[in-house]
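Trainee: File work12.txt below, compact mmCIF, C-alpha atoms:
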```
# COMPACT_ATOMS: atom_id res chain seq x y z
CA MET A 1 -47.45 57.87 -72.66
CA ARG A 2 -46.96 61.63 -73.00
CA GLY A 3 -44.32 63.99 -74.31
CA ARG A 4 -41.63 63.54 -76.95
CA MET A 5 -38.16 61.99 -77.03
CA MET A 6 -35.76 62.89 -79.82
CA ILE A 7 -32.47 61.08 -80.49
CA ASP A 8 -30.24 62.63 -83.14
CA GLY A 9 -33.35 64.18 -84.65
CA LEU A 10 -35.29 60.90 -84.64
CA ASP A 11 -38.64 60.75 -82.87
CA THR A 12 -38.73 57.51 -80.87
CA ARG A 13 -42.48 57.20 -81.50
CA GLN A 14 -41.99 57.17 -85.27
CA ASN A 15 -38.88 55.01 -85.64
CA LYS A 16 -38.49 51.31 -84.96
CA PRO A 17 -36.05 50.04 -82.31
CA ARG A 18 -33.82 48.73 -85.13
CA ILE A 19 -33.28 52.31 -86.33
CA ILE A 20 -32.83 53.73 -82.83
CA SER A 21 -30.29 51.00 -81.98
CA GLU A 22 -27.98 52.34 -84.70
CA HIS A 23 -27.60 55.45 -82.55
CA VAL A 24 -27.99 54.11 -78.99
CA GLY A 25 -26.19 51.22 -77.32
CA THR A 26 -27.50 49.69 -74.09
CA VAL A 27 -25.73 47.81 -71.32
CA PHE A 28 -28.27 45.92 -69.22
CA GLN A 29 -28.20 45.58 -65.45
CA ASP A 30 -28.05 41.79 -65.81
CA PRO A 31 -25.44 41.22 -68.55
CA GLU A 32 -26.54 37.62 -69.15
CA ASN A 33 -29.82 38.96 -70.54
CA GLN A 34 -28.03 40.41 -73.58
CA PHE A 35 -25.60 37.60 -74.42
CA LEU A 36 -26.25 35.70 -77.64
CA MET A 37 -23.00 33.86 -78.36
CA LEU A 38 -20.98 31.22 -76.49
CA THR A 39 -17.52 32.82 -76.37
CA VAL A 40 -16.30 36.28 -75.43
CA SER A 41 -14.75 37.03 -78.83
CA GLU A 42 -17.89 35.92 -80.68
CA GLU A 43 -20.10 37.99 -78.38
CA ILE A 44 -18.10 41.17 -78.97
CA ALA A 45 -17.94 40.47 -82.71
CA PHE A 46 -21.65 39.69 -83.09
CA GLY A 47 -22.83 43.27 -83.55
CA LEU A 48 -19.91 44.10 -85.85
CA ARG A 49 -20.71 41.20 -88.16
CA ASN A 50 -24.32 42.35 -88.37
CA THR A 51 -23.12 45.67 -89.78
CA GLY A 52 -21.46 43.84 -92.70
CA LEU A 53 -17.80 44.53 -91.84
CA GLU A 54 -15.03 42.44 -93.35
CA GLU A 55 -13.76 39.70 -91.03
CA ASN A 56 -10.31 41.26 -90.62
CA GLU A 57 -11.95 44.53 -89.50
CA VAL A 58 -14.21 42.62 -87.10
CA SER A 59 -11.18 40.90 -85.57
CA SER A 60 -9.23 44.16 -85.31
CA ARG A 61 -12.04 46.07 -83.61
CA THR A 62 -12.82 43.17 -81.29
CA GLY A 63 -9.21 43.09 -80.12
CA ALA A 64 -9.07 46.87 -79.78
CA ILE A 65 -12.12 47.20 -77.55
CA ALA A 66 -11.05 44.20 -75.45
CA GLY A 67 -7.67 45.87 -74.94
CA LYS A 68 -9.30 49.13 -73.84
CA LEU A 69 -11.30 47.34 -71.17
CA GLY A 70 -8.50 45.05 -70.07
CA ILE A 71 -10.23 41.82 -71.08
CA THR A 72 -7.97 40.62 -73.89
CA GLY A 73 -7.18 37.53 -71.82
CA LEU A 74 -10.86 36.59 -71.83
CA LEU A 75 -11.37 36.55 -75.61
CA GLY A 76 -10.99 32.79 -75.98
CA LYS A 77 -13.11 31.93 -72.94
CA SER A 78 -16.65 30.65 -72.78
CA ILE A 79 -19.25 33.10 -71.47
CA PHE A 80 -20.16 30.47 -68.87
CA GLU A 81 -16.65 30.52 -67.37
CA LEU A 82 -16.74 34.20 -66.48
CA SER A 83 -17.39 35.82 -63.14
CA SER A 84 -20.33 38.24 -62.97
CA GLY A 85 -17.99 41.22 -63.08
CA GLN A 86 -16.24 39.87 -66.15
CA LYS A 87 -19.61 39.35 -67.83
CA GLN A 88 -20.45 42.98 -67.18
CA LEU A 89 -17.24 44.10 -68.91
CA VAL A 90 -17.95 41.83 -71.88
CA ALA A 91 -21.46 43.29 -72.22
CA LEU A 92 -19.93 46.77 -72.21
CA ALA A 93 -17.35 45.76 -74.83
CA SER A 94 -19.97 44.27 -77.16
CA THR A 95 -22.00 47.49 -76.93
CA LEU A 96 -19.05 49.83 -77.49
CA SER A 97 -17.63 47.81 -80.40
CA CYS A 98 -20.36 49.06 -82.76
CA GLY A 99 -19.53 52.71 -82.04
CA PRO A 100 -22.91 54.10 -80.93
CA SER A 101 -23.37 57.85 -80.55
CA HIS A 102 -25.06 57.38 -77.19
CA ILE A 103 -24.77 54.71 -74.48
CA LEU A 104 -27.33 53.85 -71.81
CA LEU A 105 -25.82 51.97 -68.87
CA ASP A 106 -27.95 50.46 -66.12
CA GLU A 107 -25.90 49.90 -62.93
CA PRO A 108 -22.78 49.08 -65.00
CA THR A 109 -20.39 48.80 -62.04
CA SER A 110 -22.65 46.93 -59.62
CA GLN A 111 -20.61 43.74 -59.98
CA LEU A 112 -17.17 45.28 -60.58
CA ASP A 113 -14.39 45.50 -58.02
CA GLY A 114 -12.96 48.93 -57.19
CA ARG A 115 -10.18 48.71 -59.76
CA GLY A 116 -12.61 47.48 -62.42
CA ALA A 117 -15.04 50.30 -61.67
CA ARG A 118 -12.30 52.93 -61.88
CA LEU A 119 -11.04 51.41 -65.14
CA PHE A 120 -14.56 51.29 -66.53
CA PHE A 121 -15.29 54.95 -65.78
CA SER A 122 -11.85 55.95 -67.05
CA HIS A 123 -12.48 54.27 -70.42
CA LEU A 124 -16.00 55.61 -70.55
CA GLY A 125 -14.68 59.12 -69.95
CA ASP A 126 -12.09 58.71 -72.72
CA ILE A 127 -14.68 57.43 -75.18
CA CYS A 128 -17.09 60.27 -74.39
CA SER A 129 -14.44 63.02 -74.61
CA LYS A 130 -12.52 61.71 -77.62
CA ASP A 131 -15.35 60.26 -79.69
CA GLY A 132 -18.13 62.66 -78.72
CA VAL A 133 -20.26 59.87 -77.25
CA THR A 134 -23.04 60.72 -74.79
CA ALA A 135 -23.42 58.37 -71.82
CA ILE A 136 -26.30 58.16 -69.37
CA VAL A 137 -25.47 56.00 -66.35
CA SER A 138 -28.09 54.77 -63.90
CA GLU A 139 -26.12 54.25 -60.68
CA HIS A 140 -26.70 54.02 -56.93
CA ARG A 141 -23.02 54.25 -55.99
CA VAL A 142 -22.70 57.78 -57.34
CA GLU A 143 -19.28 58.37 -55.76
CA ARG A 144 -17.77 56.05 -58.38
CA GLY A 145 -18.61 58.47 -61.18
CA THR A 146 -17.62 61.77 -59.58
CA GLY A 147 -14.31 62.00 -61.45
CA VAL A 148 -15.88 61.45 -64.87
CA CYS A 149 -19.57 62.36 -64.93
CA SER A 150 -20.28 65.99 -65.75
CA ARG A 151 -23.90 66.05 -64.58
CA PHE A 152 -25.82 64.34 -61.82
CA ILE A 153 -29.58 63.98 -62.04
CA GLY A 154 -31.60 62.81 -59.03
CA ILE A 155 -34.99 61.13 -59.54
CA GLU A 156 -37.57 60.97 -56.77
CA GLU A 157 -41.09 59.56 -57.20
CA GLY A 158 -40.78 59.81 -60.98
CA LYS A 159 -39.65 63.43 -61.04
CA ILE A 160 -36.27 65.12 -61.46
CA THR A 161 -35.45 66.78 -58.14
CA VAL A 162 -31.80 67.73 -58.72
CA ASP A 163 -29.78 68.38 -61.87
CA GLY A 164 -26.28 69.71 -61.35
CA SER A 165 -22.76 68.88 -60.18
CA SER A 166 -21.56 66.15 -57.86
CA ASP A 167 -21.75 68.65 -55.01
CA ASP A 168 -25.44 69.19 -55.78
CA MET A 169 -25.96 65.43 -55.69
CA TYR A 170 -24.09 65.06 -52.38
CA ASN A 171 -26.19 67.85 -50.90
CA TRP A 172 -29.38 66.17 -52.13
CA TYR A 173 -28.44 62.87 -50.53
CA GLY A 174 -27.25 64.73 -47.42
CA SER A 175 -30.65 66.37 -47.03
CA LYS A 176 -32.01 62.84 -46.72
CA GLY A 177 -29.46 61.78 -44.13
CA VAL A 178 -27.11 59.88 -46.45
CA ASP A 179 -23.42 60.71 -46.90
CA VAL A 180 -22.27 59.40 -50.28
CA SER A 181 -19.05 61.42 -50.40
CA ALA A 182 -17.23 58.98 -48.11
CA GLU A 183 -17.48 55.21 -48.32
CA GLY A 184 -17.87 53.85 -44.83
CA GLY A 185 -19.45 54.94 -41.62
CA VAL A 186 -19.50 54.08 -37.95
CA ARG A 187 -19.15 50.35 -37.61
CA ASN A 188 -21.80 48.64 -35.54
CA ALA A 189 -20.30 47.35 -32.30
CA ARG A 190 -21.80 43.89 -31.88
CA ARG A 191 -20.22 41.27 -29.70
CA ALA A 192 -19.47 38.28 -31.88
CA GLY A 193 -20.19 34.86 -30.43
CA CYS A 194 -17.38 32.45 -29.62
CA LYS A 195 -18.89 29.29 -31.08
CA ALA A 196 -17.85 28.47 -34.63
CA VAL A 197 -20.83 27.97 -36.96
CA LEU A 198 -19.02 27.63 -40.31
CA ASP A 199 -15.46 26.31 -40.29
CA ILE A 200 -13.48 26.03 -43.54
CA GLN A 201 -10.07 24.35 -43.33
CA ASN A 202 -7.37 24.17 -46.03
CA LEU A 203 -9.84 24.43 -48.91
CA GLY A 204 -8.39 24.01 -52.39
CA MET A 205 -9.95 23.86 -55.85
CA SER A 206 -9.18 24.54 -59.52
CA TYR A 207 -11.01 25.29 -62.74
CA GLU A 208 -9.53 23.46 -65.75
CA GLU A 209 -6.27 22.92 -63.84
CA ALA A 210 -5.97 26.62 -62.96
CA PRO A 211 -5.82 26.99 -59.15
CA VAL A 212 -8.64 29.17 -57.79
CA LEU A 213 -8.46 28.46 -54.05
CA LYS A 214 -5.21 27.62 -52.27
CA ASP A 215 -5.39 26.30 -48.72
CA VAL A 216 -8.19 28.70 -47.70
CA THR A 217 -8.96 28.59 -43.99
CA LEU A 218 -11.61 30.77 -42.33
CA THR A 219 -14.18 30.55 -39.56
CA VAL A 220 -17.48 32.40 -39.13
CA ARG A 221 -18.85 32.42 -35.58
CA GLU A 222 -22.26 32.92 -34.05
CA GLY A 223 -23.56 36.46 -34.48
CA GLU A 224 -20.85 37.47 -36.96
CA ILE A 225 -21.08 39.18 -40.34
CA VAL A 226 -17.89 38.39 -42.23
CA ALA A 227 -17.19 40.14 -45.55
CA LEU A 228 -15.30 38.51 -48.43
CA LEU A 229 -13.52 41.05 -50.62
CA GLY A 230 -11.24 40.76 -53.63
CA ALA A 231 -10.99 41.50 -57.34
CA ASN A 232 -13.32 39.88 -59.86
CA GLY A 233 -12.27 36.27 -60.30
CA SER A 234 -10.33 36.13 -57.02
CA GLY A 235 -12.31 33.16 -55.66
CA LYS A 236 -15.03 34.74 -53.49
CA THR A 237 -17.92 33.00 -55.23
CA SER A 238 -15.93 29.77 -55.40
CA ILE A 239 -15.74 29.68 -51.61
CA LEU A 240 -19.50 30.10 -51.27
CA LYS A 241 -20.21 27.43 -53.90
CA SER A 242 -17.75 25.07 -52.23
CA VAL A 243 -19.58 25.39 -48.92
CA MET A 244 -22.85 24.46 -50.67
CA ASN A 245 -21.08 21.60 -52.48
CA PHE A 246 -21.99 23.05 -55.87
CA THR A 247 -18.39 22.64 -57.08
CA LYS A 248 -15.83 19.88 -56.73
CA LYS A 249 -13.23 20.47 -54.03
CA GLU A 250 -9.70 19.13 -54.36
CA SER A 251 -8.70 19.38 -50.72
CA GLY A 252 -9.80 20.60 -47.32
CA SER A 253 -12.87 20.22 -45.14
CA ILE A 254 -15.98 22.22 -44.24
CA SER A 255 -17.92 21.92 -40.99
CA LEU A 256 -21.22 23.36 -39.80
CA ASP A 257 -21.72 23.48 -36.04
CA GLY A 258 -18.92 20.96 -35.69
CA CYS A 259 -20.40 18.45 -38.16
CA ASP A 260 -18.47 17.67 -41.35
CA ILE A 261 -20.50 18.69 -44.44
CA THR A 262 -17.66 18.45 -46.97
CA ASP A 263 -19.41 15.78 -49.04
CA THR A 264 -23.00 16.35 -47.90
CA PRO A 265 -25.55 16.73 -50.74
CA SER A 266 -26.43 20.35 -51.54
CA ALA A 267 -30.15 19.76 -50.87
CA VAL A 268 -29.34 18.71 -47.31
CA ILE A 269 -26.92 21.60 -46.74
CA SER A 270 -29.53 24.11 -47.92
CA ARG A 271 -31.77 23.22 -44.97
CA LYS A 272 -29.21 24.78 -42.64
CA ILE A 273 -27.41 27.25 -44.90
CA GLY A 274 -29.14 29.91 -47.00
CA TYR A 275 -27.32 30.70 -50.25
CA LEU A 276 -27.99 33.71 -52.49
CA SER A 277 -26.26 33.73 -55.88
CA HIS A 278 -25.52 36.68 -58.19
CA ASN A 279 -28.76 36.33 -60.15
CA PRO A 280 -32.00 36.68 -58.15
CA LEU A 281 -34.02 35.42 -61.13
CA ASN A 282 -32.64 31.96 -60.33
CA TYR A 283 -34.87 31.99 -57.25
CA LEU A 284 -38.11 33.49 -58.51
CA PHE A 285 -40.53 31.25 -60.39
CA HIS A 286 -43.93 31.59 -58.66
CA PRO A 287 -46.78 33.97 -59.60
CA THR A 288 -46.52 35.98 -56.37
CA LEU A 289 -43.91 36.81 -53.76
CA ARG A 290 -46.11 35.25 -51.07
CA GLU A 291 -46.02 31.92 -52.93
CA GLU A 292 -42.24 32.21 -53.31
CA LEU A 293 -41.87 32.60 -49.56
CA ASP A 294 -44.35 29.81 -48.82
CA PHE A 295 -42.36 27.56 -51.13
CA SER A 296 -39.10 28.37 -49.32
CA LEU A 297 -40.74 27.63 -45.97
CA GLY A 298 -42.27 24.43 -47.31
CA MET A 299 -38.87 23.16 -48.44
CA HIS A 300 -37.87 23.32 -44.78
CA ASP A 301 -41.13 21.98 -43.35
CA LYS A 302 -41.73 25.36 -41.73
CA VAL A 303 -45.15 26.35 -43.09
CA ASP A 304 -46.97 25.34 -39.91
CA SER A 305 -44.19 26.14 -37.46
CA GLY A 306 -45.25 29.69 -36.66
CA LEU A 307 -42.72 31.28 -39.01
CA ASN A 308 -45.35 32.85 -41.27
CA GLY A 309 -45.39 35.85 -38.94
CA ASP A 310 -41.62 35.97 -39.29
CA MET A 311 -42.04 35.93 -43.08
CA ILE A 312 -44.33 38.97 -42.90
CA GLU A 313 -41.88 40.76 -40.62
CA ILE A 314 -38.98 40.09 -42.98
CA THR A 315 -40.89 41.47 -45.97
CA ARG A 316 -41.89 44.50 -43.93
CA MET A 317 -38.30 45.23 -42.92
CA LEU A 318 -37.19 44.86 -46.54
CA GLY A 319 -39.94 47.18 -47.78
CA LEU A 320 -41.73 44.41 -49.70
CA GLU A 321 -44.94 44.12 -47.68
CA GLU A 322 -46.90 45.83 -50.47
CA LYS A 323 -45.43 43.41 -53.02
CA LEU A 324 -46.59 40.12 -51.49
CA GLU A 325 -49.31 39.57 -54.12
CA SER A 326 -47.20 40.85 -57.05
CA PHE A 327 -45.27 38.92 -59.72
CA PRO A 328 -41.59 38.97 -58.57
CA ARG A 329 -40.03 38.77 -62.03
CA GLU A 330 -41.60 42.14 -62.86
CA PHE A 331 -39.91 43.81 -59.89
CA SER A 332 -37.02 46.23 -60.41
CA CYS A 333 -33.55 44.65 -60.14
CA GLY A 334 -33.12 45.90 -56.58
CA GLU A 335 -36.55 44.62 -55.60
CA ARG A 336 -35.84 41.23 -57.19
CA GLU A 337 -32.65 41.08 -55.16
CA LEU A 338 -34.62 41.84 -51.98
CA ALA A 339 -37.26 39.25 -52.90
CA ALA A 340 -34.60 36.56 -53.38
CA ILE A 341 -32.99 37.62 -50.09
CA ALA A 342 -36.35 37.29 -48.32
CA CYS A 343 -36.66 33.74 -49.69
CA THR A 344 -33.16 33.00 -48.40
CA LEU A 345 -33.76 34.46 -44.94
CA VAL A 346 -36.93 32.53 -44.09
CA GLY A 347 -36.53 29.08 -42.64
CA ASN A 348 -34.46 29.73 -39.52
CA ARG A 349 -31.11 28.73 -41.02
CA ARG A 350 -27.82 28.67 -39.13
CA CYS A 351 -25.74 30.45 -41.75
CA LEU A 352 -26.22 32.82 -44.68
CA LEU A 353 -23.97 32.92 -47.76
CA LEU A 354 -24.70 36.07 -49.77
CA ASP A 355 -23.02 36.82 -53.10
CA GLU A 356 -23.14 40.55 -53.95
CA PRO A 357 -26.52 40.91 -52.20
CA THR A 358 -26.78 44.71 -52.38
CA ARG A 359 -26.30 45.26 -56.11
CA GLY A 360 -29.09 47.35 -57.58
CA MET A 361 -30.17 48.68 -54.18
CA ASP A 362 -30.27 52.31 -53.17
CA TYR A 363 -28.67 53.44 -49.91
CA TRP A 364 -31.89 53.16 -47.92
CA LYS A 365 -32.83 49.65 -49.05
CA LYS A 366 -29.23 48.49 -48.59
CA ASN A 367 -29.08 49.68 -44.99
CA ALA A 368 -32.53 48.26 -44.21
CA PHE A 369 -31.44 44.88 -45.55
CA LEU A 370 -28.12 44.84 -43.71
CA GLY A 371 -29.84 46.00 -40.55
CA LEU A 372 -32.12 42.98 -40.87
CA VAL A 373 -29.18 40.61 -41.40
CA ALA A 374 -27.42 42.10 -38.34
CA GLU A 375 -30.57 41.73 -36.27
CA LEU A 376 -31.09 38.12 -37.34
CA CYS A 377 -27.45 37.25 -36.66
CA ALA A 378 -27.70 38.74 -33.19
CA LYS A 379 -31.09 37.30 -32.23
CA ARG A 380 -30.77 33.86 -33.79
CA ARG A 381 -27.02 33.48 -33.31
CA MET A 382 -26.65 33.01 -37.07
CA ALA A 383 -23.43 33.47 -39.01
CA SER A 384 -23.24 35.39 -42.28
CA LEU A 385 -20.56 35.33 -44.98
CA ILE A 386 -21.00 38.05 -47.63
CA ALA A 387 -19.00 38.35 -50.87
CA THR A 388 -19.00 42.00 -51.90
CA HIS A 389 -17.22 44.93 -53.54
CA ASP A 390 -19.20 47.43 -51.48
CA VAL A 391 -16.73 49.16 -49.15
CA SER A 392 -19.44 51.04 -47.27
CA LEU A 393 -21.17 47.74 -46.50
CA VAL A 394 -18.00 46.29 -45.03
CA SER A 395 -16.86 49.29 -43.00
CA THR A 396 -20.34 49.92 -41.61
CA TRP A 397 -21.71 46.44 -40.99
CA ALA A 398 -19.01 43.74 -41.06
CA ASP A 399 -17.45 42.35 -37.90
CA ARG A 400 -14.51 40.97 -39.88
CA ALA A 401 -13.19 41.25 -43.44
CA ILE A 402 -11.34 38.62 -45.49
CA VAL A 403 -9.50 39.62 -48.68
CA MET A 404 -9.04 37.06 -51.47
CA SER A 405 -5.99 37.44 -53.70
CA GLY A 406 -4.35 34.78 -55.82
CA GLY A 407 -6.57 32.13 -54.24
CA ILE A 408 -5.31 32.97 -50.74
CA ALA A 409 -7.45 34.39 -47.92
CA ALA A 410 -6.08 37.06 -45.57
CA GLU A 411 -7.90 38.95 -42.82
CA VAL A 412 -7.83 42.77 -42.83
CA ASP A 413 -9.18 45.52 -40.58
CA PRO A 414 -12.84 46.18 -41.55
CA THR A 415 -12.58 49.77 -40.28
CA ASP A 416 -9.62 50.66 -42.53
CA VAL A 417 -11.52 52.21 -45.47
CA GLY A 418 -8.33 52.87 -47.44
CA MET A 419 -7.31 49.23 -47.20
CA LEU A 420 -10.81 48.09 -48.13
CA LYS A 421 -10.93 50.33 -51.22
CA GLU A 422 -7.59 48.94 -52.34
CA ASN A 423 -8.83 45.36 -52.09
CA ALA A 424 -12.55 45.62 -52.92
```
Using structure tokens, write down the structure from this file.
Mentor:
Amino acid sequence: MRGRMMIDGLDTRQNKPRIISEHVGTVFQDPENQFLMLTVSEEIAFGLRNTGLEENEVSSRTGAIAGKLGITGLLGKSIFELSSGQKQLVALASTLSCGPSHILLDEPTSQLDGRGARLFFSHLGDICSKDGVTAIVSEHRVERGTGVCSRFIGIEEGKITVDGSSDDMYNWYGSKGVDVSAEGGVRNARRAGCKAVLDIQNLGMSYEEAPVLKDVTLTVREGEIVALLGANGSGKTSILKSVMNFTKKESGSISLDGCDITDTPSAVISRKIGYLSHNPLNYLFHPTLREELDFSLGMHDKVDSGLNGDMIEITRMLGLEEKLESFPREFSCGERELAAIACTLVGNRRCLLLDEPTRGMDYWKKNAFLGLVAELCAKRRMASLIATHDVSLVSTWADRAIVMSGGIAAEVDPTDVGMLKENA
């Protein structure tokens, strides 16, 4: 509304987005919002073809950028087959393929595992230093960029409050009681219940004959928060979808409170198990957040059961009490995530399945949310299974940690930050 923004000498008020886009590439927070084609290779090549390049040059540059980002093996795949982390890498590749002078990246590593995030920042650093590209990265997990980013800018209430080195950023967060220099903190000592709520035995499944889960066995007990870690595509989401019966299982059984739910319809399972997928927009379709929550309660016949007060308390603890009459799809990404979580939490369920629930959240919102989950698990004797790459989440809040690798589940020490970083 005020001021001036110049990009390579171009005034953004006087030039159309088509002109600006020749200089600036953007990677969205939700990569699906920028996909136009059906396969990975076609998506990366789309922008190149629009510049009028010969087909052999398009093919060469598509292969080159895929190789840089380690996704050559994905080129022949459908966009719909990819994990969320893989989609984020494809979105980055399609943006970089056109060779912009500047790149804007909104939470680009929020869905990447530790190795993927390090690889991403490494390639980004190479591109910036070798090709003279400027990158501006919006990121909550600032520790991931300390080895590459040359400046750190902190925004508070719409104003720049710090502009300097990583040390300046750490000091700024530290003044607010947050230590971002070390992933992990003091783990909450909660006594886990003995009764099994969710029991998965010898679970196996494949996608197009490629094994994804191999004899996975794990139990989540009353009061527990169990973290699922592993590289992108390791099977974390597949476990959660299998519990909800969203995908076809080849072997094994799943029980809830001792009752077999292996072949129970998803609509019935959802009355006892709350499931939050990667994309919060899948959950938000009413004009206001209050109506979203009322709908969730109504699906469980809870509107008149006295849980409306609980609904208000949940929104208060998540910092959404001022948003109850607002349109959820206009929220920020982190707020949409919290809104979808609120819809998942209401209804007095026995178990929560949360897939990357803290992406897009700052440190304060993340801890408020996890504090709420911990409180609900303790008070209501719920069980919670969380798929995540967030090491600080696991080391601070999880009672147990399960690492997925090659379709196999193995338990690790949730307080061993080095081990968690290696497997996140």
Trainee: Calculate how many Å separate CA of Asp167 (chain A) from CA of Phe152 (chain A), rounding to one decimal.
Mentor: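 CA of Asp167 (chain A) sits 9.0 Å away from CA of Phe152 (chain A).
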Trainee: Pull the neighbourhood of (-19.7, 29.1, -37.0) for me: all residues within 10 Å in file coordinates, counting only C-alpha atoms, as number ranges by chain.
Mentor: A: 193-200, 218-224, 255-258, 350-351, 381-384
Trainee: Can you work out the spacing between CA of Gly177 (chain A) and CA of Leu228 (chain A) in Å, to one decimal?
Mentor: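 Going from CA of Gly177 (chain A) over to CA of Leu228 (chain A), I get 27.6 Å.
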Trainee: Select, from A:Tyr275, A:Ile225, A:Val58, A:Asn232, the residue with the minimum atom-to-atom distance to Gly371 (chain A), counting all atoms listed in the file.
Mentor: A:Ile225
Trainee: Which distance in Å separates CA of Phe80 (chain A) and CA of Leu38 (chain A), to one decimal?
Mentor: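 Taking CA of Phe80 (chain A) and CA of Leu38 (chain A), their separation equals 7.7 Å.
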Trainee: So, with only C-alpha atoms as the atoms that count, which of A:Arg290, A:Arg349, A:Arg118, A:Lys236 lies closest to Pro328 (chain A)?
Mentor: A:Arg290
Trainee: For a quick check of understanding, using only C-alpha atoms, which of A:Ser266, A:Ser165, A:Val137, A:Ala409 has the smallest distance to Ser150 (chain A)?
Mentor: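 Using only C-alpha atoms, the shortest distance to Ser150 (chain A) belongs to A:Ser165.
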Trainee: List as a list in words the protein and nucleic acid residues near Trp172 (chain A), meaning an atom at most 9 Å away when all atoms listed in the file are counted, but skip any in the same chain fewer than 5 places from it.
Mentor: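 Once the nearby chain positions are removed, what remains is Gly154, Thr161, Val162, Asp167 and Val178 of chain A.
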Trainee: Quick one: everything within 12 Å of Leu36 (chain A), counting all atoms listed in the file, minus sequence neighbours fewer than 2 positions away in the same chain. Send it as a PDB file with C-alpha atoms, in the coordinates of the input.
Mentor:
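Written output follows (around_29.pdb):
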```
ATOM      1  CA  PRO A  31     -25.440  41.220 -68.550  1.00  0.00           C
ATOM      2  CA  GLU A  32     -26.540  37.620 -69.150  1.00  0.00           C
ATOM      3  CA  ASN A  33     -29.820  38.960 -70.540  1.00  0.00           C
ATOM      4  CA  GLN A  34     -28.030  40.410 -73.580  1.00  0.00           C
ATOM      5  CA  LEU A  38     -20.980  31.220 -76.490  1.00  0.00           C
ATOM      6  CA  THR A  39     -17.520  32.820 -76.370  1.00  0.00           C
ATOM      7  CA  VAL A  40     -16.300  36.280 -75.430  1.00  0.00           C
ATOM      8  CA  SER A  41     -14.750  37.030 -78.830  1.00  0.00           C
ATOM      9  CA  GLU A  42     -17.890  35.920 -80.680  1.00  0.00           C
ATOM     10  CA  GLU A  43     -20.100  37.990 -78.380  1.00  0.00           C
ATOM     11  CA  ILE A  44     -18.100  41.170 -78.970  1.00  0.00           C
ATOM     12  CA  ALA A  45     -17.940  40.470 -82.710  1.00  0.00           C
ATOM     13  CA  PHE A  46     -21.650  39.690 -83.090  1.00  0.00           C
ATOM     14  CA  GLY A  47     -22.830  43.270 -83.550  1.00  0.00           C
ATOM     15  CA  SER A  78     -16.650  30.650 -72.780  1.00  0.00           C
ATOM     16  CA  ILE A  79     -19.250  33.100 -71.470  1.00  0.00           C
ATOM     17  CA  PHE A  80     -20.160  30.470 -68.870  1.00  0.00           C
ATOM     18  CA  VAL A  90     -17.950  41.830 -71.880  1.00  0.00           C
ATOM     19  CA  ALA A  91     -21.460  43.290 -72.220  1.00  0.00           C
ATOM     20  CA  SER A  94     -19.970  44.270 -77.160  1.00  0.00           C
TER      21      SER A  94
END
```
Trainee: Report the centre and edge lengths, in Å to one decimal, of an axis-aligned box enclosing every atom of region 117-134 of chain A listed in the file, padded by 6 Å on each side, as AutoDock Vina command-line options.
Mentor:
```
--center_x -17.0 --center_y 56.7 --center_z -70.7 --size_x 24.0 --size_y 24.7 --size_z 30.0
```
Trainee: Using all atoms listed in the file, which protein or nucleic acid residues come within 8 Å of Leu338 (chain A)? Drop anything in the same chain fewer than 5 positions from it, and give the result as a list in words.
Mentor: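 Once the nearby chain positions are removed, what remains is Leu318, Leu320 and Phe369 of chain A.
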Trainee: Kindly indicate which residue among A:Lys249, A:His278, A:Arg49, A:His102 lies nearest to His23 (chain A), using all atoms listed in the file for the distances.
Mentor: A:His102
Trainee: Compare A:Gly230, A:Pro100, A:Pro287, A:Gly164 by their minimum atom-to-atom distance to Met419 (chain A), counting all atoms listed in the file, and give me the closest one.
Mentor: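 Looking at the shortest contact to Met419 (chain A), the residue is A:Gly230.
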Trainee: So, with all atoms listed in the file as the atoms that count, which of A:Arg329, A:His389, A:Arg359, A:Arg2 lies closest to Ser110 (chain A)?
Mentor: A:Arg359
Trainee: Find the nearest atom pair between each residue of region 119-180 of chain A and region 60-76 of chain A for residues within 9 Å, count all atoms listed in the file, give distances in Å to one decimal, sort rows by chain and ascending number, and present the table as CSV.
Mentor:
```
residue,atom,partner,partner_atom,distance
A:Leu119,CA,A:Leu69,CA,7.3
A:Phe120,CA,A:Leu69,CA,6.9
A:His123,CA,A:Lys68,CA,6.9
```
Trainee: Determine, for each residue of region 35-116 of chain A having at least one atom at most 10 Å from an atom of region 138-144 of chain A, the closest pair of atoms and their separation in Å to one decimal, counting all atoms listed in the file; order by chain and ascending number, as CSV.
Mentor:
```
residue,atom,partner,partner_atom,distance
A:Leu104,CA,A:Ser138,CA,8.0
A:Leu105,CA,A:Ser138,CA,6.1
A:Asp106,CA,A:Ser138,CA,4.9
A:Glu107,CA,A:Glu139,CA,4.9
A:Pro108,CA,A:Glu139,CA,7.5
A:Thr109,CA,A:Glu139,CA,8.0
A:Ser110,CA,A:Glu139,CA,8.2
A:Gly114,CA,A:Arg144,CA,8.7
```
Trainee: Excluding Leu124 (chain A) and residues on its chain fewer than 6 positions from it, collect all residues at most 10 Å away from it, counting all atoms listed in the file, and give them as a list in words.
Mentor: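 The neighbour list is Lys68, Leu69, Leu92, Leu96, Ile103, Arg118, Lys130, Val133, Thr134, Ala135, Val148 and Cys149 of chain A.
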Trainee: Can you tell me which residues surround Met404 (chain A) at a distance of at most 10 Å, considering all atoms listed in the file, apart from same-chain residues fewer than 4 positions away, and format the answer as a PyMOL selection string?
Mentor: chain A and resi 213+216+228-236+239+408-411+423-424
